[in-house]
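So this one's protein-v5.csv, CSV, C-alpha atoms:
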chain,number,residue,atom,x,y,z
A,291,MET,CA,98.1,81.9,88.1
A,292,PRO,CA,97.9,84.6,85.5
A,293,ARG,CA,101.2,85.3,83.7
A,294,ALA,CA,102.2,87.9,81.2
A,295,THR,CA,105.2,88.9,79.1
A,296,ALA,CA,105.8,92.6,78.5
A,297,ARG,CA,108.4,95.1,77.6
A,298,HIS,CA,108.7,98.7,78.8
A,299,ILE,CA,110.6,101.9,78.6
A,300,LEU,CA,111.4,103.8,81.8
A,301,VAL,CA,112.2,107.5,81.8
A,302,SER,CA,112.3,110.3,84.4
A,303,SER,CA,109.6,112.7,83.0
A,304,GLU,CA,106.1,112.4,81.7
A,305,ALA,CA,107.0,114.8,78.8
A,306,LYS,CA,109.8,112.4,77.7
A,307,CYS,CA,107.5,109.5,78.0
A,308,LEU,CA,104.9,111.2,75.8
A,309,GLU,CA,107.5,112.2,73.2
A,310,LEU,CA,108.7,108.5,73.0
A,311,LYS,CA,105.2,107.2,72.7
A,312,ALA,CA,104.5,109.6,69.8
A,313,ALA,CA,107.7,108.4,68.1
A,314,ILE,CA,106.6,104.7,68.5
A,315,GLU,CA,103.1,105.5,67.3
A,316,ALA,CA,104.7,107.2,64.2
A,317,GLY,CA,106.6,104.0,63.4
A,318,ALA,CA,109.8,104.0,65.5
A,319,ASP,CA,110.8,100.5,66.7
A,320,PHE,CA,109.9,100.0,70.4
A,321,ALA,CA,113.0,97.9,71.1
A,322,GLN,CA,115.3,100.5,69.6
A,323,VAL,CA,113.6,103.3,71.5
A,324,ALA,CA,114.0,101.3,74.7
A,325,ARG,CA,117.7,100.7,74.0
A,326,ASP,CA,118.3,104.4,73.3
A,327,ASN,CA,116.3,105.9,76.1
A,328,SER,CA,115.3,103.5,78.9
A,329,SER,CA,116.9,104.0,82.3
A,330,CYS,CA,116.0,100.4,83.3
A,331,PRO,CA,118.7,97.7,82.7
A,332,SER,CA,116.0,95.9,80.6
A,333,GLY,CA,116.5,98.6,78.0
A,334,ARG,CA,119.6,96.7,76.8
A,335,GLN,CA,117.2,93.9,75.8
A,336,GLY,CA,114.8,96.3,74.0
A,337,GLY,CA,112.8,96.7,77.2
A,338,ASP,CA,111.9,93.0,77.5
A,339,LEU,CA,110.9,92.0,81.0
A,340,GLY,CA,110.3,88.3,80.2
A,341,SER,CA,107.4,86.4,81.9
A,342,PHE,CA,106.0,87.3,85.3
A,343,GLY,CA,103.0,86.7,87.4
A,344,ARG,CA,100.4,89.0,88.9
A,345,GLY,CA,101.8,90.7,92.0
A,346,GLN,CA,105.5,90.5,90.9
A,347,MET,CA,105.6,94.1,89.7
A,348,VAL,CA,104.6,97.3,91.4
A,349,ARG,CA,100.8,97.8,91.6
A,350,GLU,CA,100.5,100.5,88.9
A,351,PHE,CA,102.4,98.4,86.5
A,352,ASP,CA,100.5,95.2,87.4
A,353,GLU,CA,97.1,96.9,86.8
A,354,VAL,CA,98.0,97.8,83.3
A,355,VAL,CA,99.8,94.6,82.3
A,356,PHE,CA,96.9,92.4,83.4
A,357,SER,CA,94.1,94.5,81.8
A,358,ALA,CA,95.5,96.3,78.7
A,359,PRO,CA,95.1,94.9,75.2
A,360,LEU,CA,98.0,93.0,73.8
A,361,ASN,CA,100.6,94.7,71.5
A,362,VAL,CA,99.3,98.2,72.2
A,363,VAL,CA,101.7,100.7,73.8
A,364,GLN,CA,100.2,102.0,77.1
A,365,GLY,CA,101.3,105.0,79.2
A,366,PRO,CA,102.7,107.0,80.6
A,367,VAL,CA,102.3,104.9,83.7
A,368,LYS,CA,103.7,106.6,86.8
A,369,THR,CA,105.4,104.5,89.5
A,370,GLN,CA,108.0,105.3,92.2
A,371,PHE,CA,110.7,104.5,89.6
A,372,GLY,CA,109.5,107.1,87.0
A,373,TYR,CA,107.3,107.0,83.9
A,374,HIS,CA,106.8,103.9,81.9
A,375,LEU,CA,105.6,103.0,78.4
A,376,LEU,CA,104.3,99.4,78.5
A,377,GLU,CA,103.5,96.9,75.9
A,378,VAL,CA,102.0,93.6,76.9
A,379,THR,CA,103.2,91.0,74.4
A,380,SER,CA,101.3,87.9,75.8
A,381,ARG,CA,99.1,86.9,78.7
A,382,GLN,CA,97.8,83.6,80.0
A,383,ASP,CA,94.9,83.5,82.5

Could you render the structure from this file as structure tokens?
Amino acid sequence: MPRATARHILVSSEAKCLELKAAIEAGADFAQVARDNSSCPSGRQGGDLGSFGRGQMVREFDEVVFSAPLNVVQGPVKTQFGYHLLEVTSRQD
């Protein structure tokens, strides 16, 4: 079964998500941005979601995690929880 590890940042607006993505692309540390801004409890761990299998996350999230290139920030990805920036850190097929 395919598995991945990823980290994310969850915010309530697309505009905030884009602002944070620009900051990360300009050199800000993803983990620190997650700690300072993410509304998900994982933010305290720098957005780390650990390891999970296909189908364990919401569909929109799953689609990105199991198709995006590794170590490249993706998003905004809209789910029922808000707007996410995602970074897939590893994947096994």

* **Pick from A:Val355, A:Asn327, A:Ala305, A:Gln382 nearest to Leu339 (chain A), counting only C-alpha atoms** => A:Val355

Which neighbours of Gln322 (chain A) fall inside 12 Å, counting only C-alpha atoms, when residues of the same chain fewer than 2 positions from it are skipped, and could you give them as a PDB file with C-alpha atoms, in the frame of the given file?
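What landed in around_22.pdb:
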ATOM      1  CA  ARG A 297     108.400  95.100  77.600  1.00  0.00           C
ATOM      2  CA  HIS A 298     108.700  98.700  78.800  1.00  0.00           C
ATOM      3  CA  ILE A 299     110.600 101.900  78.600  1.00  0.00           C
ATOM      4  CA  LEU A 310     108.700 108.500  73.000  1.00  0.00           C
ATOM      5  CA  ALA A 313     107.700 108.400  68.100  1.00  0.00           C
ATOM      6  CA  ILE A 314     106.600 104.700  68.500  1.00  0.00           C
ATOM      7  CA  GLY A 317     106.600 104.000  63.400  1.00  0.00           C
ATOM      8  CA  ALA A 318     109.800 104.000  65.500  1.00  0.00           C
ATOM      9  CA  ASP A 319     110.800 100.500  66.700  1.00  0.00           C
ATOM     10  CA  PHE A 320     109.900 100.000  70.400  1.00  0.00           C
ATOM     11  CA  ALA A 324     114.000 101.300  74.700  1.00  0.00           C
ATOM     12  CA  ARG A 325     117.700 100.700  74.000  1.00  0.00           C
ATOM     13  CA  ASP A 326     118.300 104.400  73.300  1.00  0.00           C
ATOM     14  CA  ASN A 327     116.300 105.900  76.100  1.00  0.00           C
ATOM     15  CA  SER A 328     115.300 103.500  78.900  1.00  0.00           C
ATOM     16  CA  SER A 332     116.000  95.900  80.600  1.00  0.00           C
ATOM     17  CA  GLY A 333     116.500  98.600  78.000  1.00  0.00           C
ATOM     18  CA  ARG A 334     119.600  96.700  76.800  1.00  0.00           C
ATOM     19  CA  GLN A 335     117.200  93.900  75.800  1.00  0.00           C
ATOM     20  CA  GLY A 336     114.800  96.300  74.000  1.00  0.00           C
ATOM     21  CA  GLY A 337     112.800  96.700  77.200  1.00  0.00           C
ATOM     22  CA  ASP A 338     111.900  93.000  77.500  1.00  0.00           C
TER      23      ASP A 338
END

* To do: Please identify all polymer residues within 7 Å of Glu377 (chain A), counting only C-alpha atoms, omitting same-chain residues fewer than 5 positions from it, and present them as a PyMOL selection string.
  => chain A and resi 296-298+361-364

* State, in Å with one decimal place, the distance from CA of Pro292 (chain A) to CA of Phe371 (chain A). => 24.0 Å

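Here CA of Arg293 (chain A) is placed at a distance of 24.8 Å from CA of Lys311 (chain A).
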
* What lies within 12 Å of Asp383 (chain A) using only C-alpha atoms, ignoring chain neighbours under 6 positions off, as an MDAnalysis selection string? -> chainID A and resid 291:294 343:344 356:357

Put those residues in a file: C-alpha atoms, as a PDB file, in the frame of the given file.
ATOM      1  CA  MET A 291      98.100  81.900  88.100  1.00  0.00           C
ATOM      2  CA  PRO A 292      97.900  84.600  85.500  1.00  0.00           C
ATOM      3  CA  ARG A 293     101.200  85.300  83.700  1.00  0.00           C
ATOM      4  CA  ALA A 294     102.200  87.900  81.200  1.00  0.00           C
ATOM      5  CA  GLY A 343     103.000  86.700  87.400  1.00  0.00           C
ATOM      6  CA  ARG A 344     100.400  89.000  88.900  1.00  0.00           C
ATOM      7  CA  PHE A 356      96.900  92.400  83.400  1.00  0.00           C
ATOM      8  CA  SER A 357      94.100  94.500  81.800  1.00  0.00           C
TER       9      SER A 357
END

* In Å, rounded to a single decimal, give me how far CA of Leu300 (chain A) is from CA of His374 (chain A). =>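 We find that CA of His374 (chain A) and CA of Leu300 (chain A) lie 4.6 Å from each other.
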
* Asked: Looking at only C-alpha atoms, which of A:Thr379, A:Glu353, A:Ala316, A:Gln346 is the one that sits closest to Gly365 (chain A)?
  ->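 The closest residue to Gly365 (chain A) is A:Glu353.
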
* Within 7 Å of Glu304 (chain A) using only C-alpha atoms, minus same-chain residues under 3 positions, as a list in words ->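 Contacts, with the query itself left out: Cys307, Leu308, Pro366 and Tyr373 of chain A.
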